[in-house]
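S.K.: Provided below: input-v4.cif, containing mmCIF, C-alpha atoms.
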```
data_protein
loop_
_atom_site.label_atom_id
_atom_site.label_comp_id
_atom_site.auth_asym_id
_atom_site.auth_seq_id
_atom_site.Cartn_x
_atom_site.Cartn_y
_atom_site.Cartn_z
CA MET A 333 0.00 0.00 0.00
CA ASN A 334 1.33 3.41 -0.95
CA THR A 335 0.37 5.89 1.77
CA THR A 336 0.01 9.44 0.46
CA PHE A 337 -0.77 12.73 2.19
CA SER A 338 -2.44 15.86 0.85
CA GLY A 339 -0.15 18.32 2.54
CA SER A 340 2.96 18.44 4.64
CA HIS A 341 2.64 20.67 7.70
CA ALA A 342 1.00 19.13 10.76
CA LEU A 343 0.25 21.13 13.87
CA ILE A 344 0.41 18.89 16.95
CA LEU A 345 -1.30 20.48 19.95
CA GLY A 346 -0.04 19.18 23.27
CA GLY A 347 3.11 18.16 21.42
CA THR A 348 5.09 17.17 24.48
CA CYS A 349 3.29 13.97 25.48
CA GLU A 350 4.97 10.67 24.65
CA ILE A 351 2.52 9.71 21.91
CA ALA A 352 2.84 13.14 20.26
CA LEU A 353 6.61 12.87 20.22
CA THR A 354 6.46 9.37 18.74
CA LEU A 355 4.00 10.64 16.15
CA ALA A 356 6.35 13.51 15.31
CA GLU A 357 9.19 11.05 14.69
CA TYR A 358 6.97 8.95 12.40
CA MET A 359 5.84 12.08 10.57
CA ILE A 360 9.40 13.19 9.92
CA GLN A 361 10.25 9.73 8.60
CA THR A 362 7.22 10.04 6.29
CA SER A 363 8.40 13.48 5.06
CA LEU A 364 5.73 15.39 6.94
CA PHE A 365 6.72 18.49 8.90
CA PRO A 366 5.42 18.41 12.47
CA ILE A 367 4.85 21.65 14.38
CA LEU A 368 4.64 20.81 18.06
CA THR A 369 3.27 23.04 20.78
CA TYR A 370 4.56 23.16 24.34
CA ARG A 371 3.38 25.09 27.37
CA ASP A 372 6.51 25.30 29.49
CA GLU A 373 10.28 24.99 29.36
CA LYS A 374 10.13 21.39 30.49
CA GLY A 375 7.96 20.55 27.51
CA LEU A 376 10.26 22.36 25.13
CA LEU A 377 13.17 20.41 26.53
CA SER A 378 11.30 17.11 25.92
CA ILE A 379 10.74 18.07 22.30
CA THR A 380 14.31 19.23 21.76
CA ARG A 381 15.80 16.14 23.38
CA THR A 382 13.55 13.59 21.68
CA LEU A 383 13.74 15.12 18.22
CA GLN A 384 17.41 16.07 18.46
CA PRO A 385 18.39 13.82 15.49
CA PHE A 386 15.83 15.63 13.31
CA LYS A 387 16.94 19.22 13.70
CA GLY A 388 15.45 21.44 10.98
CA LYS A 389 12.74 18.91 10.17
CA TYR A 390 10.24 20.12 12.74
CA ALA A 391 9.20 23.31 14.53
CA SER A 392 7.97 24.03 18.04
CA TYR A 393 5.87 26.90 19.41
CA TYR A 394 4.64 27.95 22.80
CA LEU A 395 0.89 27.52 23.27
CA ASN A 396 -0.87 27.56 26.59
CA PHE A 397 -4.58 26.78 26.50
CA GLY A 398 -6.25 29.85 27.97
CA ASP A 399 -3.51 32.21 26.83
CA ARG A 400 -4.89 33.99 23.75
CA GLU A 401 -1.67 35.83 23.05
CA SER A 402 0.13 32.52 22.61
CA LEU A 403 -2.61 31.44 20.21
CA GLU A 404 -2.27 34.63 18.18
CA SER A 405 1.45 34.16 17.98
CA LEU A 406 1.15 30.49 16.96
CA PHE A 407 -1.26 31.17 14.13
CA SER A 408 0.65 34.22 12.91
CA ALA A 409 3.49 31.82 12.27
CA THR A 410 1.55 28.83 10.92
CA TYR A 411 -1.66 30.20 9.32
CA ASP A 412 -0.49 30.05 5.71
CA HIS A 413 0.82 26.50 5.73
CA LEU A 414 -1.44 24.44 7.91
CA ASP A 415 -2.47 21.13 6.37
CA PHE A 416 -3.12 18.89 9.37
CA LEU A 417 -3.95 19.29 13.02
CA VAL A 418 -3.65 16.61 15.69
CA ASP A 419 -4.99 17.67 19.07
CA PHE A 420 -3.61 15.94 22.16
CA ALA A 421 -4.02 18.97 24.42
CA GLN A 422 -6.02 18.25 27.55
CA GLY A 423 -5.90 19.65 31.02
CA HIS A 424 -6.37 17.28 33.91
CA TYR A 425 -8.96 17.87 36.60
CA GLU A 426 -10.24 15.05 38.71
CA SER A 427 -12.95 15.59 41.30
CA TYR A 428 -16.36 14.37 42.25
CA VAL A 429 -18.95 16.72 40.78
CA ALA A 430 -20.44 17.39 44.19
CA SER A 431 -17.10 18.38 45.69
CA ALA A 432 -15.58 20.35 42.82
CA ASP A 433 -14.14 23.81 43.34
CA GLU A 434 -16.31 26.24 41.34
CA GLU A 435 -13.48 28.45 40.13
CA SER A 436 -11.51 25.42 39.01
CA VAL A 437 -14.50 24.14 37.07
CA TYR A 438 -15.05 27.44 35.24
CA ARG A 439 -11.36 27.70 34.40
CA TYR A 440 -11.13 24.06 33.31
CA PHE A 441 -14.02 24.36 30.86
CA MET A 442 -12.79 27.71 29.57
CA GLU A 443 -9.35 26.30 28.86
CA ASN A 444 -10.43 22.92 27.52
CA ILE A 445 -13.61 23.81 25.63
CA SER A 446 -13.94 27.55 24.89
CA PHE A 447 -10.28 28.02 24.10
CA ARG A 448 -10.29 24.91 21.93
CA ALA A 449 -13.22 26.39 19.99
CA GLU A 450 -11.05 29.41 19.24
CA VAL A 451 -8.18 27.17 18.16
CA LEU A 452 -10.57 25.34 15.85
CA LYS A 453 -11.96 28.55 14.41
CA ARG A 454 -8.48 29.69 13.44
CA ALA A 455 -7.39 26.31 12.13
CA GLY A 456 -10.62 25.89 10.18
CA ARG A 457 -10.27 29.28 8.51
CA ALA A 458 -6.65 28.57 7.62
CA MET A 459 -7.64 25.27 6.05
CA LEU A 460 -10.73 26.69 4.33
CA LYS A 461 -8.49 29.21 2.60
CA LYS A 462 -6.72 26.27 0.94
CA ARG A 463 -9.88 24.17 0.72
CA LYS A 464 -7.96 21.34 2.27
CA GLY A 465 -7.31 20.14 5.78
CA ARG A 466 -7.56 17.23 8.14
CA LEU A 467 -8.09 17.39 11.89
CA ILE A 468 -7.81 14.62 14.46
CA PHE A 469 -8.95 15.02 18.02
CA ILE A 470 -7.40 12.59 20.46
CA SER A 471 -10.13 11.68 22.89
CA SER A 472 -10.56 8.91 25.41
CA SER A 473 -12.77 5.92 26.07
CA ALA A 474 -13.45 7.75 29.35
CA ALA A 475 -15.43 10.34 27.37
CA GLU A 476 -18.19 7.74 27.09
CA ARG A 477 -17.44 5.64 30.17
CA PRO A 478 -15.74 7.71 32.85
CA ASN A 479 -14.73 6.39 36.24
CA PRO A 480 -16.00 8.24 39.32
CA GLY A 481 -14.08 11.51 39.54
CA GLN A 482 -13.63 11.81 35.78
CA GLY A 483 -16.85 13.71 35.14
CA PHE A 484 -15.23 17.01 34.21
CA TYR A 485 -12.64 15.32 32.05
CA ALA A 486 -15.38 13.36 30.26
CA ALA A 487 -17.54 16.45 29.85
CA ALA A 488 -14.66 18.41 28.33
CA LYS A 489 -13.76 15.54 26.01
CA GLN A 490 -17.36 15.07 24.82
CA ALA A 491 -17.82 18.80 24.26
CA SER A 492 -14.57 18.94 22.30
CA GLU A 493 -15.61 15.93 20.26
CA ALA A 494 -18.83 17.76 19.41
CA LEU A 495 -16.84 20.76 18.18
CA TYR A 496 -14.71 18.59 15.90
CA ARG A 497 -17.74 16.70 14.60
CA ALA A 498 -19.56 19.94 13.87
CA MET A 499 -16.57 21.30 12.02
CA ALA A 500 -16.34 18.13 9.95
CA LEU A 501 -20.04 18.39 9.05
CA GLU A 502 -19.85 22.07 8.23
CA MET A 503 -16.65 22.10 6.18
CA GLY A 504 -16.44 18.64 4.67
CA GLU A 505 -17.73 19.88 1.32
CA ARG A 506 -14.83 22.35 1.22
CA GLY A 507 -12.18 19.70 1.78
CA VAL A 508 -11.78 20.07 5.54
CA THR A 509 -12.54 16.88 7.45
CA ALA A 510 -12.12 15.66 11.01
CA VAL A 511 -12.14 12.45 12.97
CA ILE A 512 -12.03 11.62 16.67
CA LEU A 513 -9.79 8.88 18.03
CA ARG A 514 -10.83 7.61 21.45
CA LEU A 515 -7.98 5.85 23.21
CA GLY A 516 -8.19 3.22 25.94
CA TYR A 517 -5.34 2.11 28.20
CA ILE A 518 -2.08 3.26 26.66
CA ASP A 519 1.34 2.34 27.94
CA ALA A 520 2.51 5.95 27.92
CA GLY A 521 2.26 9.07 30.08
CA ARG A 522 -0.64 9.22 32.54
CA GLY A 523 -1.92 5.91 31.16
CA ARG A 524 1.25 4.15 32.21
CA VAL A 525 1.08 5.68 35.68
CA TYR A 526 -2.49 4.44 36.03
CA LEU A 527 -1.67 0.97 34.73
CA ASN A 528 1.31 0.65 37.06
CA GLY A 529 -0.90 1.62 39.98
CA GLN A 530 -3.57 -0.97 39.09
CA GLY A 531 -1.28 -3.93 38.59
CA ARG A 532 -1.92 -6.70 36.06
CA ASP A 533 -5.66 -6.98 36.79
CA ILE A 534 -6.68 -4.07 34.61
CA VAL A 535 -4.78 -5.36 31.59
CA GLU A 536 -6.36 -8.80 32.02
CA LYS A 537 -9.76 -7.19 31.39
CA LEU A 538 -8.68 -6.21 27.89
CA PRO A 539 -9.48 -8.86 25.25
CA ILE A 540 -5.99 -8.31 23.79
CA LYS A 541 -4.46 -8.83 27.28
CA ARG A 542 -2.04 -5.94 26.97
CA ALA A 543 -1.98 -2.19 26.97
CA ILE A 544 -1.87 -0.34 23.65
CA THR A 545 1.54 1.01 22.70
CA ARG A 546 2.28 4.57 21.71
CA GLU A 547 3.73 3.27 18.43
CA GLU A 548 0.38 1.68 17.57
CA VAL A 549 -1.40 4.94 18.30
CA ALA A 550 1.07 6.97 16.23
CA GLU A 551 0.69 4.60 13.27
CA THR A 552 -3.09 4.80 13.50
CA ILE A 553 -3.01 8.59 13.57
CA LEU A 554 -0.70 8.62 10.57
CA PHE A 555 -3.16 6.44 8.68
CA LEU A 556 -6.07 8.68 9.68
CA LEU A 557 -4.16 11.65 8.27
CA SER A 558 -3.49 9.89 4.98
CA ASP A 559 -5.52 10.25 1.79
CA GLY A 560 -6.76 6.68 2.18
CA ALA A 561 -8.68 7.61 5.33
CA ALA A 562 -10.24 10.83 4.01
CA ALA A 563 -13.76 9.37 3.93
CA ILE A 564 -13.64 8.63 7.65
CA ASN A 565 -15.24 11.89 8.67
CA ALA A 566 -17.26 13.35 11.56
CA THR A 567 -17.11 10.19 13.60
CA GLU A 568 -15.34 8.55 16.54
CA ILE A 569 -13.02 5.58 16.33
CA LEU A 570 -12.48 3.60 19.48
CA MET A 571 -9.00 2.15 20.02
CA ASP A 572 -9.25 0.37 23.34
CA GLY A 573 -8.28 -3.21 22.57
CA GLY A 574 -11.93 -4.22 22.83
CA LEU A 575 -12.28 -3.27 26.50
CA THR A 576 -15.63 -1.51 26.31
CA SER A 577 -17.31 -3.94 23.90
CA GLY A 578 -17.78 -6.70 26.46
CA LYS A 579 -19.00 -7.02 30.01
CA MET B 397 -23.38 56.68 -4.27
CA ILE B 398 -20.94 54.67 -2.22
CA ARG B 399 -17.35 55.69 -2.60
CA MET B 400 -15.74 52.49 -3.80
CA ILE B 401 -12.15 53.56 -4.30
CA HIS B 402 -10.15 53.38 -1.12
CA GLU B 403 -6.59 54.50 -0.71
CA GLN B 404 -4.47 51.94 1.05
CA HIS B 405 -0.73 51.75 1.41
CA GLY B 406 -0.33 54.60 -1.05
CA GLY B 407 -2.39 52.89 -3.77
CA ASN B 408 -6.00 52.78 -4.84
CA MET B 409 -8.22 49.81 -4.17
CA ASP B 410 -11.50 49.42 -6.01
CA VAL B 411 -13.44 47.67 -3.26
CA LEU B 412 -16.40 46.81 -5.48
CA ALA B 413 -14.12 45.22 -8.08
CA GLU B 414 -12.30 43.24 -5.39
CA ILE B 415 -15.51 41.93 -3.87
CA LYS B 416 -17.00 41.08 -7.26
CA SER B 417 -13.82 39.22 -8.13
CA ILE B 418 -13.89 37.27 -4.86
CA LEU B 419 -17.59 36.41 -5.23
CA ALA B 420 -17.17 35.36 -8.85
CA GLY B 421 -14.40 32.97 -7.84
CA LEU B 422 -16.11 31.53 -4.79
CA LEU B 423 -19.58 31.15 -6.28
CA ASP B 424 -18.45 30.32 -9.81
CA LEU B 425 -20.20 33.37 -11.28
CA GLU B 426 -17.77 34.52 -13.94
CA ASP B 427 -20.42 35.90 -16.32
CA ARG B 428 -22.91 37.11 -13.75
CA GLU B 429 -23.55 40.85 -13.57
CA MET B 430 -23.08 42.15 -10.05
CA THR B 431 -23.77 45.64 -8.75
CA PRO B 432 -23.77 47.15 -5.26
CA GLU B 433 -27.52 46.44 -5.16
CA THR B 434 -27.14 42.69 -5.77
CA TYR B 435 -28.41 40.46 -2.96
CA LEU B 436 -25.92 37.82 -1.86
CA VAL B 437 -28.38 35.18 -0.72
CA GLN B 438 -31.50 35.91 -2.75
CA GLU B 439 -29.78 36.57 -6.08
CA LEU B 440 -26.36 34.96 -5.93
CA GLY B 441 -27.52 31.94 -3.93
CA ALA B 442 -24.80 32.24 -1.31
CA GLU B 443 -25.12 29.70 1.51
CA SER B 444 -23.71 29.82 5.04
CA ILE B 445 -20.53 27.97 4.09
CA ASP B 446 -20.06 30.40 1.16
CA LEU B 447 -20.32 33.35 3.53
CA LEU B 448 -17.74 31.77 5.84
CA GLU B 449 -15.39 31.28 2.92
CA LEU B 450 -16.11 34.82 1.75
CA ALA B 451 -15.09 36.19 5.15
CA VAL B 452 -11.86 34.18 5.10
CA THR B 453 -11.04 35.36 1.59
CA ILE B 454 -11.79 39.03 2.29
CA ASN B 455 -9.60 38.81 5.38
CA SER B 456 -6.81 37.22 3.39
CA ARG B 457 -6.96 39.31 0.20
CA LEU B 458 -7.82 42.70 1.63
CA LYS B 459 -5.83 42.30 4.86
CA ILE B 460 -8.61 43.45 7.15
CA ASN B 461 -10.02 41.96 10.30
CA VAL B 462 -13.42 40.45 9.48
CA ARG B 463 -16.01 39.65 12.11
CA ASP B 464 -18.53 37.36 10.44
CA ASP B 465 -21.44 38.45 12.63
CA GLU B 466 -20.89 42.07 11.66
CA ILE B 467 -20.14 41.90 7.94
CA PHE B 468 -23.06 39.55 7.24
CA LEU B 469 -25.50 41.39 9.55
CA THR B 470 -26.15 38.07 11.25
CA ARG B 471 -27.63 39.55 14.41
CA PHE B 472 -29.72 42.26 12.71
CA ARG B 473 -33.09 40.80 13.73
CA LEU B 474 -31.84 40.20 17.26
CA TYR B 475 -30.87 43.86 17.57
CA LEU B 476 -34.34 44.91 16.41
CA THR B 477 -35.83 42.80 19.17
CA GLU B 478 -33.37 44.17 21.73
CA ALA B 479 -34.22 47.76 20.79
CA LYS B 480 -37.94 47.02 21.13
CA GLU B 481 -37.50 45.26 24.48
CA GLN B 482 -35.40 48.10 25.83
CA GLY B 483 -37.76 50.78 24.51
CA LYS B 484 -35.06 52.40 22.38
CA ASP B 485 -35.26 54.03 18.93
CA THR B 486 -34.61 51.19 16.55
CA ILE B 487 -32.48 52.84 13.88
CA PRO B 488 -29.97 54.59 16.18
CA TYR B 489 -29.75 51.39 18.25
CA VAL B 490 -28.93 49.24 15.22
CA ALA B 491 -26.58 51.93 13.88
CA GLY B 492 -24.64 51.65 17.12
CA LYS B 493 -24.17 47.95 16.45
CA TYR B 494 -23.31 48.40 12.77
CA PRO B 495 -21.37 51.68 12.56
CA PHE B 496 -20.43 50.97 8.95
CA LEU B 497 -24.07 51.19 7.81
CA THR B 498 -25.87 54.50 7.23
CA GLU B 499 -29.19 55.09 8.97
CA ASP B 500 -30.83 55.23 5.53
CA ARG B 501 -29.51 51.76 4.76
CA ILE B 502 -30.70 50.42 8.11
CA ALA B 503 -34.17 51.86 7.44
CA GLU B 504 -34.13 50.23 4.00
CA ILE B 505 -33.26 46.83 5.47
CA ILE B 506 -35.98 47.10 8.10
CA LYS B 507 -38.53 48.04 5.42
CA HIS B 508 -37.81 44.89 3.38
CA ILE B 509 -36.74 42.46 6.09
CA HIS B 510 -39.91 40.38 5.74
CA ALA B 511 -38.83 39.47 2.19
CA GLY B 512 -35.81 37.42 3.28
CA PRO B 513 -32.08 38.00 3.79
CA GLN B 514 -31.28 41.62 2.94
CA LEU B 515 -27.50 41.44 2.68
CA LYS B 516 -26.30 43.23 -0.46
CA ILE B 517 -22.90 43.71 -2.02
CA LYS B 518 -23.00 47.35 -0.96
CA ASP B 519 -23.08 46.24 2.68
CA LEU B 520 -19.86 44.32 2.18
CA ILE B 521 -18.35 47.40 0.53
CA SER B 522 -19.40 49.54 3.49
CA TYR B 523 -17.85 47.10 5.95
CA VAL B 524 -14.59 46.73 4.05
CA THR B 525 -14.27 50.49 3.50
CA TYR B 526 -14.95 51.12 7.19
CA GLN B 527 -12.33 48.58 8.26
CA LEU B 528 -9.78 49.91 5.78
CA ARG B 529 -10.23 53.42 7.18
CA ARG B 530 -9.69 52.11 10.70
CA ALA B 531 -6.57 50.14 9.76
#
```
In structure tokens, what does this structure look like?

M.R.:
Amino acid sequence: MNTTFSGSHALILGGTCEIALTLAEYMIQTSLFPILTYRDEKGLLSITRTLQPFKGKYASYYLNFGDRESLESLFSATYDHLDFLVDFAQGHYESYVASADEESVYRYFMENISFRAEVLKRAGRAMLKKRKGRLIFISSSAAERPNPGQGFYAAAKQASEALYRAMALEMGERGVTAVILRLGYIDAGRGRVYLNGQGRDIVEKLPIKRAITREEVAETILFLLSDGAAAINATEILMDGGLTSGK
Amino acid sequence: MIRMIHEQHGGNMDVLAEIKSILAGLLDLEDREMTPETYLVQELGAESIDLLELAVTINSRLKINVRDDEIFLTRFRLYLTEAKEQGKDTIPYVAGKYPFLTEDRIAEIIKHIHAGPQLKIKDLISYVTYQLRRA
């Protein structure tokens, strides 16, 4: 199979997580040009260290969800050559609904939903100008089936999914499409911390009897960005090893 | 008569010609006659997605900040309701929301609003000219 891409520049939001960095490496090897965002010096260091062998074949920009100046600056630099967007960005807020701090809740939804809508508006307009673009929102199986305490996370994920779906419905006829990838237990980042804390029991519940690797996720995203996947639009794909299909 | 030539960066820009050119390209209307009085929706058949693309193209080609709600008079009916609810004179109230429109034009839109979307090419010209002056 010959995988082709309609475009070259891919903006990766939340570009400092392990999966994003793996994806960036795969993109570079596929001749795509990843543009990764970071929100602090530690994140920038992760990008620089991981992608050190690929100097000049990627770019990185500061973007902090909630900081509109950083958004303005990012899109001033990338507006004219944006072909793809992969959105890993997600703040973490865990609390029971009945015990949540009100200010934290307002801020969390502003950063993770309202701000994302502004990101999407800008990305959508940049892509509409070229009548071409592909967006992938990295969601979670917890959007549909959250554990207790994940209500705000799930609400933010579902609202963000709705924004991406709406965009895909509205702009599909002009060549801008979007798909949502819901991930289950991944052996990377916060997923690995959770899995390590739960022991082997949690993995045994998965029909595939193992956690999903970040390489598998990166390859799937790359396929979803390719021309061959263009008709997968305005929908969610669940990549959880079969966990939520059975009892 | 709307002044359609605007000086920008030391040169002249024919705003009507620019907008006609953009619309012809977006809506595939190469041979269609367009004047400032042409309706975008009723005559040219522009749909919501066309208006979005029009805003993006005007922003890109004419280098002005475009607010879709303003240029396309999206909230016009809402402002009429607001003025009524607040007991304010309708035309000055709407003029405050759309400073690029003359009061005569606002009165004209109100007069014909029952007949469908009133957006005309001359409204786009007014918006673009206003934004160019502010730039």

S.K.: If the PyMOL selection byres ((chain A and resi 401-412) around 10) were run on this exact file, what residues would it hold? Put them as a PDB file with C-alpha atoms, in the coordinates of the input.

M.R.:
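part00.pdb written:
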```pdb
ATOM      1  CA  HIS A 341       2.640  20.670   7.700  1.00  0.00           C
ATOM      2  CA  ALA A 342       1.000  19.130  10.760  1.00  0.00           C
ATOM      3  CA  LEU A 343       0.250  21.130  13.870  1.00  0.00           C
ATOM      4  CA  ILE A 367       4.850  21.650  14.380  1.00  0.00           C
ATOM      5  CA  THR A 369       3.270  23.040  20.780  1.00  0.00           C
ATOM      6  CA  ARG A 371       3.380  25.090  27.370  1.00  0.00           C
ATOM      7  CA  SER A 392       7.970  24.030  18.040  1.00  0.00           C
ATOM      8  CA  TYR A 393       5.870  26.900  19.410  1.00  0.00           C
ATOM      9  CA  TYR A 394       4.640  27.950  22.800  1.00  0.00           C
ATOM     10  CA  LEU A 395       0.890  27.520  23.270  1.00  0.00           C
ATOM     11  CA  ASN A 396      -0.870  27.560  26.590  1.00  0.00           C
ATOM     12  CA  PHE A 397      -4.580  26.780  26.500  1.00  0.00           C
ATOM     13  CA  GLY A 398      -6.250  29.850  27.970  1.00  0.00           C
ATOM     14  CA  ASP A 399      -3.510  32.210  26.830  1.00  0.00           C
ATOM     15  CA  ARG A 400      -4.890  33.990  23.750  1.00  0.00           C
ATOM     16  CA  HIS A 413       0.820  26.500   5.730  1.00  0.00           C
ATOM     17  CA  LEU A 414      -1.440  24.440   7.910  1.00  0.00           C
ATOM     18  CA  ASP A 415      -2.470  21.130   6.370  1.00  0.00           C
ATOM     19  CA  PHE A 447     -10.280  28.020  24.100  1.00  0.00           C
ATOM     20  CA  GLU A 450     -11.050  29.410  19.240  1.00  0.00           C
ATOM     21  CA  VAL A 451      -8.180  27.170  18.160  1.00  0.00           C
ATOM     22  CA  ARG A 454      -8.480  29.690  13.440  1.00  0.00           C
ATOM     23  CA  ALA A 455      -7.390  26.310  12.130  1.00  0.00           C
ATOM     24  CA  GLY A 456     -10.620  25.890  10.180  1.00  0.00           C
ATOM     25  CA  ARG A 457     -10.270  29.280   8.510  1.00  0.00           C
ATOM     26  CA  ALA A 458      -6.650  28.570   7.620  1.00  0.00           C
ATOM     27  CA  MET A 459      -7.640  25.270   6.050  1.00  0.00           C
ATOM     28  CA  LYS A 461      -8.490  29.210   2.600  1.00  0.00           C
ATOM     29  CA  LYS A 462      -6.720  26.270   0.940  1.00  0.00           C
TER      30      LYS A 462
ATOM     31  CA  SER B 456      -6.810  37.220   3.390  1.00  0.00           C
TER      32      SER B 456
END
```

S.K.: Record the distance separating atom CA of Met571 of chain A and atom CA of Arg514 of chain A, expressed in Å with one decimal.

M.R.: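 These atoms are spaced 5.9 Å apart.
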
S.K.: Given the file above and the PyMOL selection byres ((chain B) within 8 of (chain A)), which residues are selected, and can you give them as a PyMOL selection string?

M.R.: chain B and resi 445+449+452-453

S.K.: Could you check which residues have any atom within 8 Å of (-20.9, 32.9, -5.4), counting only C-alpha atoms with coordinates taken straight from the file, and then list them as a list in words?

M.R.: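 Protein, DNA and RNA residues close to (-20.9, 32.9, -5.4): Leu419, Ala420, Gly421, Leu422, Leu423, Asp424, Leu425, Leu436, Leu440, Gly441, Ala442 and Asp446 of chain B.
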
S.K.: List the residues matched by the PyMOL selection byres ((chain A and resi 364) around 9) in the displayed structure as a PyMOL selection string, ordered by chain and then by residue number.

M.R.: chain A and resi 337+339-342+356+358-363+365-366+389-390

S.K.: Please provide as a ChimeraX atom specification all residues within 9 Å of Tyr489 of chain B, with the sequence filter that same-chain residues fewer than 3 positions apart are discarded (counting all atoms listed in the file).

M.R.: /B:475-476,478-479,484-486,492-494

S.K.: Take the point (6.9, 11.8, 23.3) in the file's coordinates, draw a sphere of radius 9 Å around it, and report as an MDAnalysis selection string every protein, DNA or RNA residue with an atom inside or on it, counting only C-alpha atoms.

M.R.: chainID A and resid 347:357 378:379 382 520:521 546

S.K.: Work out how far apart atom CA of Gly504 of chain A and atom CA of Asn565 of chain A are and give it in Å to one decimal.

M.R.: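 That distance, rounded to one decimal, is 7.9 Å.
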
S.K.: Compile the contact shell of segment 428-434 of chain B as an MDAnalysis selection string: residues with an atom at most 6 Å away, counting all atoms listed in the file, same-chain residues fewer than 4 positions apart removed.

M.R.: chainID B and resid 516:518

S.K.: I'd like the contact shell of segment 419-422 of chain A - 7 Å cut-off, only C-alpha atoms, skipping same-chain residues fewer than 3 positions apart - returned as an MDAnalysis selection string.

M.R.: chainID A and resid 344:346 444 468:470

S.K.: Atom CA of Ala503 of chain B to atom CA of Gly483 of chain B: how many Å, to one decimal?

M.R.: 17.5 Å

S.K.: Report, as JSON, the centre and edge lengths in Å (one decimal) of the axis-aligned box enclosing every listed atom of segment 511-520 of chain B, padded by 5 Å on each side.

M.R.:
```
{"center_x": -29.3, "center_y": 42.4, "center_z": 0.9, "size_x": 29.0, "size_y": 19.9, "size_z": 15.8}
```

S.K.: Just want the 12 Å neighbourhood of Val490 of chain B, counted on only C-alpha atoms, with same-chain residues fewer than 6 positions away dropped. Output as a PDB file with C-alpha atoms, in the frame of the given file.

M.R.:
```pdb
ATOM      1  CA  GLU B 466     -20.890  42.070  11.660  1.00  0.00           C
ATOM      2  CA  LEU B 469     -25.500  41.390   9.550  1.00  0.00           C
ATOM      3  CA  ARG B 471     -27.630  39.550  14.410  1.00  0.00           C
ATOM      4  CA  PHE B 472     -29.720  42.260  12.710  1.00  0.00           C
ATOM      5  CA  ARG B 473     -33.090  40.800  13.730  1.00  0.00           C
ATOM      6  CA  LEU B 474     -31.840  40.200  17.260  1.00  0.00           C
ATOM      7  CA  TYR B 475     -30.870  43.860  17.570  1.00  0.00           C
ATOM      8  CA  LEU B 476     -34.340  44.910  16.410  1.00  0.00           C
ATOM      9  CA  THR B 477     -35.830  42.800  19.170  1.00  0.00           C
ATOM     10  CA  GLU B 478     -33.370  44.170  21.730  1.00  0.00           C
ATOM     11  CA  ALA B 479     -34.220  47.760  20.790  1.00  0.00           C
ATOM     12  CA  LYS B 480     -37.940  47.020  21.130  1.00  0.00           C
ATOM     13  CA  LYS B 484     -35.060  52.400  22.380  1.00  0.00           C
ATOM     14  CA  PHE B 496     -20.430  50.970   8.950  1.00  0.00           C
ATOM     15  CA  LEU B 497     -24.070  51.190   7.810  1.00  0.00           C
ATOM     16  CA  THR B 498     -25.870  54.500   7.230  1.00  0.00           C
ATOM     17  CA  GLU B 499     -29.190  55.090   8.970  1.00  0.00           C
ATOM     18  CA  ASP B 500     -30.830  55.230   5.530  1.00  0.00           C
ATOM     19  CA  ARG B 501     -29.510  51.760   4.760  1.00  0.00           C
ATOM     20  CA  ILE B 502     -30.700  50.420   8.110  1.00  0.00           C
ATOM     21  CA  ALA B 503     -34.170  51.860   7.440  1.00  0.00           C
ATOM     22  CA  ILE B 505     -33.260  46.830   5.470  1.00  0.00           C
ATOM     23  CA  ILE B 506     -35.980  47.100   8.100  1.00  0.00           C
TER      24      ILE B 506
END
```

S.K.: Could you pull segment 487-507 of chain B out of the block above and give me C-alpha atoms, as an mmCIF file, in the first residue's frame?

M.R.:
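Now in out.cif:
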```
data_model
loop_
_atom_site.group_PDB
_atom_site.id
_atom_site.type_symbol
_atom_site.label_atom_id
_atom_site.label_comp_id
_atom_site.auth_asym_id
_atom_site.auth_seq_id
_atom_site.Cartn_x
_atom_site.Cartn_y
_atom_site.Cartn_z
ATOM 1 C CA ILE B 487 -32.484 52.843 13.878
ATOM 2 C CA PRO B 488 -29.968 54.586 16.178
ATOM 3 C CA TYR B 489 -29.747 51.392 18.255
ATOM 4 C CA VAL B 490 -28.927 49.238 15.225
ATOM 5 C CA ALA B 491 -26.577 51.932 13.883
ATOM 6 C CA GLY B 492 -24.636 51.648 17.122
ATOM 7 C CA LYS B 493 -24.171 47.954 16.449
ATOM 8 C CA TYR B 494 -23.314 48.401 12.774
ATOM 9 C CA PRO B 495 -21.365 51.679 12.562
ATOM 10 C CA PHE B 496 -20.428 50.974 8.945
ATOM 11 C CA LEU B 497 -24.070 51.192 7.812
ATOM 12 C CA THR B 498 -25.870 54.498 7.235
ATOM 13 C CA GLU B 499 -29.185 55.095 8.969
ATOM 14 C CA ASP B 500 -30.830 55.228 5.533
ATOM 15 C CA ARG B 501 -29.513 51.764 4.764
ATOM 16 C CA ILE B 502 -30.696 50.418 8.108
ATOM 17 C CA ALA B 503 -34.167 51.860 7.437
ATOM 18 C CA GLU B 504 -34.133 50.232 4.005
ATOM 19 C CA ILE B 505 -33.259 46.828 5.471
ATOM 20 C CA ILE B 506 -35.985 47.101 8.098
ATOM 21 C CA LYS B 507 -38.529 48.036 5.419
#
```
